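Q: Dropping in my_file.csv, with CSV, N, CA and C atoms.
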```csv
chain,number,residue,atom,x,y,z
A,1,MET,N,-4.3,-331.3,-82.5
A,1,MET,CA,-3.8,-332.1,-83.5
A,1,MET,C,-4.9,-333.1,-83.9
A,2,ASN,N,-5.0,-333.3,-85.2
A,2,ASN,CA,-6.0,-334.2,-85.7
A,2,ASN,C,-5.6,-335.7,-85.6
A,3,GLU,N,-4.3,-335.9,-85.9
A,3,GLU,CA,-3.7,-337.3,-85.9
A,3,GLU,C,-2.3,-337.3,-85.6
A,4,ILE,N,-1.8,-338.2,-84.8
A,4,ILE,CA,-0.4,-338.4,-84.4
A,4,ILE,C,0.0,-339.8,-84.8
A,5,ILE,N,0.9,-340.0,-85.7
A,5,ILE,CA,1.5,-341.3,-86.0
A,5,ILE,C,2.8,-341.4,-85.4
A,6,ILE,N,3.0,-342.5,-84.6
A,6,ILE,CA,4.3,-342.7,-83.9
A,6,ILE,C,5.0,-343.9,-84.6
A,7,SER,N,6.2,-343.6,-85.1
A,7,SER,CA,7.0,-344.6,-85.7
A,7,SER,C,8.4,-344.0,-86.1
A,8,PRO,N,9.4,-344.6,-85.7
A,8,PRO,CA,9.6,-345.8,-84.9
A,8,PRO,C,9.8,-345.4,-83.4
A,9,ILE,N,9.7,-346.4,-82.6
A,9,ILE,CA,10.1,-346.2,-81.2
A,9,ILE,C,11.4,-346.9,-80.9
A,10,VAL,N,12.4,-346.2,-80.4
A,10,VAL,CA,13.7,-346.8,-80.3
A,10,VAL,C,14.2,-346.6,-78.9
A,11,LYS,N,14.7,-347.7,-78.3
A,11,LYS,CA,15.3,-347.6,-76.9
A,11,LYS,C,16.7,-347.0,-77.1
A,12,GLN,N,17.0,-346.0,-76.3
A,12,GLN,CA,18.3,-345.3,-76.4
A,12,GLN,C,19.3,-345.9,-75.4
A,13,ALA,N,20.6,-345.6,-75.5
A,13,ALA,CA,21.6,-346.2,-74.7
A,13,ALA,C,21.5,-345.7,-73.2
A,14,ASP,N,20.9,-344.5,-73.0
A,14,ASP,CA,20.7,-344.0,-71.7
A,14,ASP,C,19.4,-344.4,-71.0
A,15,ASP,N,18.8,-345.5,-71.5
A,15,ASP,CA,17.6,-346.1,-70.9
A,15,ASP,C,16.4,-345.2,-71.1
A,16,THR,N,16.4,-344.3,-72.1
A,16,THR,CA,15.1,-343.6,-72.5
A,16,THR,C,14.6,-344.2,-73.8
A,17,PHE,N,13.4,-343.8,-74.1
A,17,PHE,CA,12.8,-344.2,-75.4
A,17,PHE,C,12.6,-343.0,-76.3
A,18,LYS,N,13.0,-343.1,-77.5
A,18,LYS,CA,12.8,-342.0,-78.5
A,18,LYS,C,11.5,-342.3,-79.3
A,19,LEU,N,10.5,-341.5,-79.2
A,19,LEU,CA,9.3,-341.6,-79.9
A,19,LEU,C,9.3,-340.7,-81.1
A,20,SER,N,9.4,-341.2,-82.3
A,20,SER,CA,9.4,-340.3,-83.5
A,20,SER,C,7.9,-340.2,-83.9
A,21,TYR,N,7.5,-339.0,-84.4
A,21,TYR,CA,6.1,-338.8,-84.7
A,21,TYR,C,5.9,-337.9,-85.9
A,22,GLN,N,4.8,-338.0,-86.5
A,22,GLN,CA,4.3,-337.0,-87.5
A,22,GLN,C,2.9,-336.7,-87.0
A,23,ALA,N,2.6,-335.4,-86.9
A,23,ALA,CA,1.3,-334.9,-86.4
A,23,ALA,C,0.7,-334.1,-87.5
A,24,THR,N,-0.6,-334.2,-87.7
A,24,THR,CA,-1.3,-333.4,-88.7
A,24,THR,C,-2.5,-332.7,-88.1
A,25,TRP,N,-2.9,-331.6,-88.7
A,25,TRP,CA,-4.1,-330.9,-88.3
A,25,TRP,C,-5.1,-331.0,-89.4
A,26,LYS,N,-6.4,-330.7,-89.1
A,26,LYS,CA,-7.5,-330.7,-90.1
A,26,LYS,C,-7.2,-329.9,-91.3
A,27,SER,N,-6.4,-328.8,-91.1
A,27,SER,CA,-6.1,-327.9,-92.2
A,27,SER,C,-5.1,-328.5,-93.2
A,28,GLY,N,-4.5,-329.6,-92.8
A,28,GLY,CA,-3.5,-330.2,-93.6
A,28,GLY,C,-2.1,-329.9,-93.2
A,29,SER,N,-1.9,-328.9,-92.3
A,29,SER,CA,-0.6,-328.6,-91.8
A,29,SER,C,-0.1,-329.8,-91.0
A,30,HIS,N,1.2,-329.9,-90.9
A,30,HIS,CA,1.8,-331.0,-90.2
A,30,HIS,C,3.1,-330.6,-89.6
A,31,THR,N,3.6,-331.4,-88.6
A,31,THR,CA,4.9,-331.3,-88.0
A,31,THR,C,5.4,-332.7,-87.7
A,32,SER,N,6.7,-332.8,-87.6
A,32,SER,CA,7.3,-334.1,-87.3
A,32,SER,C,8.4,-333.9,-86.4
A,33,GLY,N,8.8,-334.9,-85.6
A,33,GLY,CA,9.9,-334.7,-84.7
A,33,GLY,C,10.0,-336.0,-83.8
A,34,PHE,N,10.6,-335.7,-82.6
A,34,PHE,CA,10.7,-336.8,-81.7
A,34,PHE,C,10.7,-336.3,-80.3
A,35,VAL,N,10.3,-337.1,-79.3
A,35,VAL,CA,10.4,-336.8,-77.9
A,35,VAL,C,11.1,-338.0,-77.2
A,36,PHE,N,11.7,-337.7,-76.0
A,36,PHE,CA,12.3,-338.8,-75.2
A,36,PHE,C,11.4,-339.0,-74.0
A,37,VAL,N,11.3,-340.3,-73.6
A,37,VAL,CA,10.5,-340.7,-72.5
A,37,VAL,C,11.3,-341.6,-71.6
A,38,SER,N,11.3,-341.4,-70.3
A,38,SER,CA,12.0,-342.3,-69.4
A,38,SER,C,11.5,-343.7,-69.5
A,39,THR,N,12.3,-344.7,-69.2
A,39,THR,CA,11.8,-346.1,-69.3
A,39,THR,C,10.7,-346.4,-68.3
A,40,SER,N,10.8,-345.8,-67.1
A,40,SER,CA,9.7,-346.0,-66.1
A,40,SER,C,8.4,-345.5,-66.6
A,41,GLU,N,8.4,-344.3,-67.2
A,41,GLU,CA,7.2,-343.7,-67.8
A,41,GLU,C,6.7,-344.5,-69.0
A,42,PHE,N,7.6,-344.9,-69.9
A,42,PHE,CA,7.3,-345.6,-71.1
A,42,PHE,C,6.6,-346.9,-70.8
A,43,GLU,N,7.0,-347.6,-69.7
A,43,GLU,CA,6.4,-348.9,-69.4
A,43,GLU,C,5.0,-348.8,-68.9
A,44,THR,N,4.5,-347.6,-68.6
A,44,THR,CA,3.1,-347.4,-68.1
A,44,THR,C,2.2,-346.9,-69.3
A,45,MET,N,2.8,-346.7,-70.4
A,45,MET,CA,2.1,-346.0,-71.5
A,45,MET,C,1.5,-347.0,-72.5
A,46,ASN,N,0.3,-346.8,-72.9
A,46,ASN,CA,-0.3,-347.4,-74.1
A,46,ASN,C,-0.1,-346.4,-75.3
A,47,TYR,N,-0.6,-346.8,-76.5
A,47,TYR,CA,-0.4,-346.0,-77.6
A,47,TYR,C,-1.1,-344.6,-77.5
A,48,GLU,N,-2.3,-344.6,-76.9
A,48,GLU,CA,-3.0,-343.4,-76.7
A,48,GLU,C,-2.3,-342.4,-75.7
A,49,LYS,N,-1.7,-343.0,-74.7
A,49,LYS,CA,-0.9,-342.2,-73.7
A,49,LYS,C,0.3,-341.6,-74.4
A,50,MET,N,0.9,-342.4,-75.3
A,50,MET,CA,2.1,-341.9,-76.0
A,50,MET,C,1.7,-340.7,-76.9
A,51,GLN,N,0.5,-340.8,-77.5
A,51,GLN,CA,0.0,-339.7,-78.4
A,51,GLN,C,-0.2,-338.4,-77.5
A,52,ASP,N,-0.8,-338.6,-76.3
A,52,ASP,CA,-1.1,-337.5,-75.4
A,52,ASP,C,0.2,-336.9,-75.0
A,53,TYR,N,1.2,-337.7,-74.6
A,53,TYR,CA,2.5,-337.2,-74.2
A,53,TYR,C,3.2,-336.4,-75.3
A,54,ILE,N,3.1,-336.9,-76.5
A,54,ILE,CA,3.7,-336.1,-77.6
A,54,ILE,C,2.9,-334.8,-77.8
A,55,ALA,N,1.6,-334.8,-77.8
A,55,ALA,CA,0.8,-333.6,-78.0
A,55,ALA,C,1.1,-332.6,-76.9
A,56,GLN,N,1.2,-333.0,-75.7
A,56,GLN,CA,1.5,-332.1,-74.6
A,56,GLN,C,3.0,-331.5,-74.8
A,57,SER,N,3.9,-332.3,-75.2
A,57,SER,CA,5.3,-331.9,-75.4
A,57,SER,C,5.3,-330.8,-76.5
A,58,VAL,N,4.6,-331.1,-77.6
A,58,VAL,CA,4.6,-330.1,-78.7
A,58,VAL,C,4.0,-328.8,-78.3
A,59,ILE,N,2.9,-328.9,-77.6
A,59,ILE,CA,2.2,-327.7,-77.1
A,59,ILE,C,3.1,-326.9,-76.2
A,60,LYS,N,3.8,-327.6,-75.3
A,60,LYS,CA,4.7,-326.9,-74.3
A,60,LYS,C,5.8,-326.2,-75.0
A,61,GLU,N,6.5,-326.9,-76.0
A,61,GLU,CA,7.6,-326.3,-76.7
A,61,GLU,C,7.2,-325.2,-77.6
A,62,MET,N,6.0,-325.3,-78.2
A,62,MET,CA,5.5,-324.2,-79.1
A,62,MET,C,5.2,-323.0,-78.3
A,63,SER,N,4.6,-323.2,-77.1
A,63,SER,CA,4.3,-322.1,-76.2
A,63,SER,C,5.5,-321.3,-75.8
A,64,VAL,N,6.6,-322.1,-75.5
A,64,VAL,CA,7.8,-321.4,-75.1
A,64,VAL,C,8.4,-320.6,-76.3
A,65,LEU,N,8.3,-321.2,-77.5
A,65,LEU,CA,8.8,-320.5,-78.7
A,65,LEU,C,8.0,-319.3,-78.9
A,66,LEU,N,6.7,-319.4,-78.9
A,66,LEU,CA,5.8,-318.2,-79.1
A,66,LEU,C,6.0,-317.1,-78.1
A,67,GLU,N,6.2,-317.5,-76.8
A,67,GLU,CA,6.5,-316.5,-75.8
A,67,GLU,C,7.8,-315.8,-76.1
A,68,GLY,N,8.8,-316.5,-76.5
A,68,GLY,CA,10.0,-315.8,-76.9
A,68,GLY,C,9.9,-314.9,-78.0
A,69,ILE,N,9.1,-315.3,-79.0
A,69,ILE,CA,8.9,-314.4,-80.2
A,69,ILE,C,8.1,-313.1,-79.7
A,70,SER,N,7.1,-313.3,-78.9
A,70,SER,CA,6.3,-312.1,-78.5
A,70,SER,C,7.1,-311.2,-77.6
A,71,ASN,N,8.1,-311.7,-76.9
A,71,ASN,CA,9.0,-310.9,-76.1
A,71,ASN,C,10.1,-310.3,-76.8
A,72,GLY,N,10.2,-310.6,-78.1
A,72,GLY,CA,11.3,-310.1,-78.9
A,72,GLY,C,12.6,-310.9,-78.8
A,73,SER,N,12.6,-312.0,-78.3
A,73,SER,CA,13.8,-312.8,-78.1
A,73,SER,C,14.2,-313.6,-79.4
```
As structure tokens, please, write out the structure in this file.
A:
Amino acid sequence: MNEIIISPIVKQADDTFKLSYQATWKSGSHTSGFVFVSTSEFETMNYEKMQDYIAQSVIKEMSVLLEGISNGS
């Protein structure tokens, strides 16, 4: 991903944080969504670590999706 913009960050009732994001690639493609982070993990993160967390979450979820597609699921 070329750029990840995080906004807003909202504390949830279950003591997690919801990080909403929009990510873009050099090609102009983009995706948006949100991930949840535990309070203990959130408290150790700076903005760069939040971006890394989002990128890894997107990669993981897309990998699972692509694996399902390639297996005919």
Q: One decimal, in Å: what's the spacing between atom N of Thr16 of chain A and atom N of Ser38 of chain A?
A: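 We find that atom N of Thr16 of chain A and atom N of Ser38 of chain A lie 6.1 Å from each other.
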Q: Do you know which residues are at most 12 Å from segment 42-45 of chain A counting only C-alpha atoms, after dropping those on the same chain fewer than 4 positions away, and could you put them as a list in words?
A: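 Counting only C-alpha atoms, the residues come to Ile9, Val10, Lys11, Asp15, Thr16, Phe17, Lys18, Leu19, Val35, Phe36, Val37, Ser38, Lys49, Met50, Gln51, Asp52, Tyr53 and Ile54 of chain A.
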Q: How far is it from atom CA of Leu66 of chain A to atom CA of Glu48 of chain A, in Å with one decimal?
A: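 Going from atom CA of Leu66 of chain A over to atom CA of Glu48 of chain A, I get 26.8 Å.
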Q: Quote the spacing between atom CA of Tyr21 of chain A and atom CA of Asn2 of chain A in Å to one decimal place.
A: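 These atoms are spaced 13.0 Å apart.
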Q: I need the helix (DSSP H, G or I) residues of segment 22-60 of chain A per DSSP on the backbone, written as a PyMOL selection string.
A: chain A and resi 39-42+47-60
Q: Using DSSP on the backbone coordinates, identify the residues of chain A assigned to strand (DSSP E); present them as a tab-separated table (two decimals) with N, CA and C atoms, in the frame of the given file.
A:
```tsv
chain	number	residue	atom	x	y	z
A	3	GLU	N	-4.30	-335.90	-85.90
A	3	GLU	CA	-3.70	-337.30	-85.90
A	3	GLU	C	-2.30	-337.30	-85.60
A	4	ILE	N	-1.80	-338.20	-84.80
A	4	ILE	CA	-0.40	-338.40	-84.40
A	4	ILE	C	0.00	-339.80	-84.80
A	5	ILE	N	0.90	-340.00	-85.70
A	5	ILE	CA	1.50	-341.30	-86.00
A	5	ILE	C	2.80	-341.40	-85.40
A	6	ILE	N	3.00	-342.50	-84.60
A	6	ILE	CA	4.30	-342.70	-83.90
A	6	ILE	C	5.00	-343.90	-84.60
A	7	SER	N	6.20	-343.60	-85.10
A	7	SER	CA	7.00	-344.60	-85.70
A	7	SER	C	8.40	-344.00	-86.10
A	8	PRO	N	9.40	-344.60	-85.70
A	8	PRO	CA	9.60	-345.80	-84.90
A	8	PRO	C	9.80	-345.40	-83.40
A	9	ILE	N	9.70	-346.40	-82.60
A	9	ILE	CA	10.10	-346.20	-81.20
A	9	ILE	C	11.40	-346.90	-80.90
A	10	VAL	N	12.40	-346.20	-80.40
A	10	VAL	CA	13.70	-346.80	-80.30
A	10	VAL	C	14.20	-346.60	-78.90
A	11	LYS	N	14.70	-347.70	-78.30
A	11	LYS	CA	15.30	-347.60	-76.90
A	11	LYS	C	16.70	-347.00	-77.10
A	16	THR	N	16.40	-344.30	-72.10
A	16	THR	CA	15.10	-343.60	-72.50
A	16	THR	C	14.60	-344.20	-73.80
A	17	PHE	N	13.40	-343.80	-74.10
A	17	PHE	CA	12.80	-344.20	-75.40
A	17	PHE	C	12.60	-343.00	-76.30
A	18	LYS	N	13.00	-343.10	-77.50
A	18	LYS	CA	12.80	-342.00	-78.50
A	18	LYS	C	11.50	-342.30	-79.30
A	19	LEU	N	10.50	-341.50	-79.20
A	19	LEU	CA	9.30	-341.60	-79.90
A	19	LEU	C	9.30	-340.70	-81.10
A	20	SER	N	9.40	-341.20	-82.30
A	20	SER	CA	9.40	-340.30	-83.50
A	20	SER	C	7.90	-340.20	-83.90
A	21	TYR	N	7.50	-339.00	-84.40
A	21	TYR	CA	6.10	-338.80	-84.70
A	21	TYR	C	5.90	-337.90	-85.90
A	22	GLN	N	4.80	-338.00	-86.50
A	22	GLN	CA	4.30	-337.00	-87.50
A	22	GLN	C	2.90	-336.70	-87.00
A	23	ALA	N	2.60	-335.40	-86.90
A	23	ALA	CA	1.30	-334.90	-86.40
A	23	ALA	C	0.70	-334.10	-87.50
A	24	THR	N	-0.60	-334.20	-87.70
A	24	THR	CA	-1.30	-333.40	-88.70
A	24	THR	C	-2.50	-332.70	-88.10
A	30	HIS	N	1.20	-329.90	-90.90
A	30	HIS	CA	1.80	-331.00	-90.20
A	30	HIS	C	3.10	-330.60	-89.60
A	31	THR	N	3.60	-331.40	-88.60
A	31	THR	CA	4.90	-331.30	-88.00
A	31	THR	C	5.40	-332.70	-87.70
A	32	SER	N	6.70	-332.80	-87.60
A	32	SER	CA	7.30	-334.10	-87.30
A	32	SER	C	8.40	-333.90	-86.40
A	33	GLY	N	8.80	-334.90	-85.60
A	33	GLY	CA	9.90	-334.70	-84.70
A	33	GLY	C	10.00	-336.00	-83.80
A	34	PHE	N	10.60	-335.70	-82.60
A	34	PHE	CA	10.70	-336.80	-81.70
A	34	PHE	C	10.70	-336.30	-80.30
A	35	VAL	N	10.30	-337.10	-79.30
A	35	VAL	CA	10.40	-336.80	-77.90
A	35	VAL	C	11.10	-338.00	-77.20
A	36	PHE	N	11.70	-337.70	-76.00
A	36	PHE	CA	12.30	-338.80	-75.20
A	36	PHE	C	11.40	-339.00	-74.00
A	37	VAL	N	11.30	-340.30	-73.60
A	37	VAL	CA	10.50	-340.70	-72.50
A	37	VAL	C	11.30	-341.60	-71.60
A	38	SER	N	11.30	-341.40	-70.30
A	38	SER	CA	12.00	-342.30	-69.40
A	38	SER	C	11.50	-343.70	-69.50
```
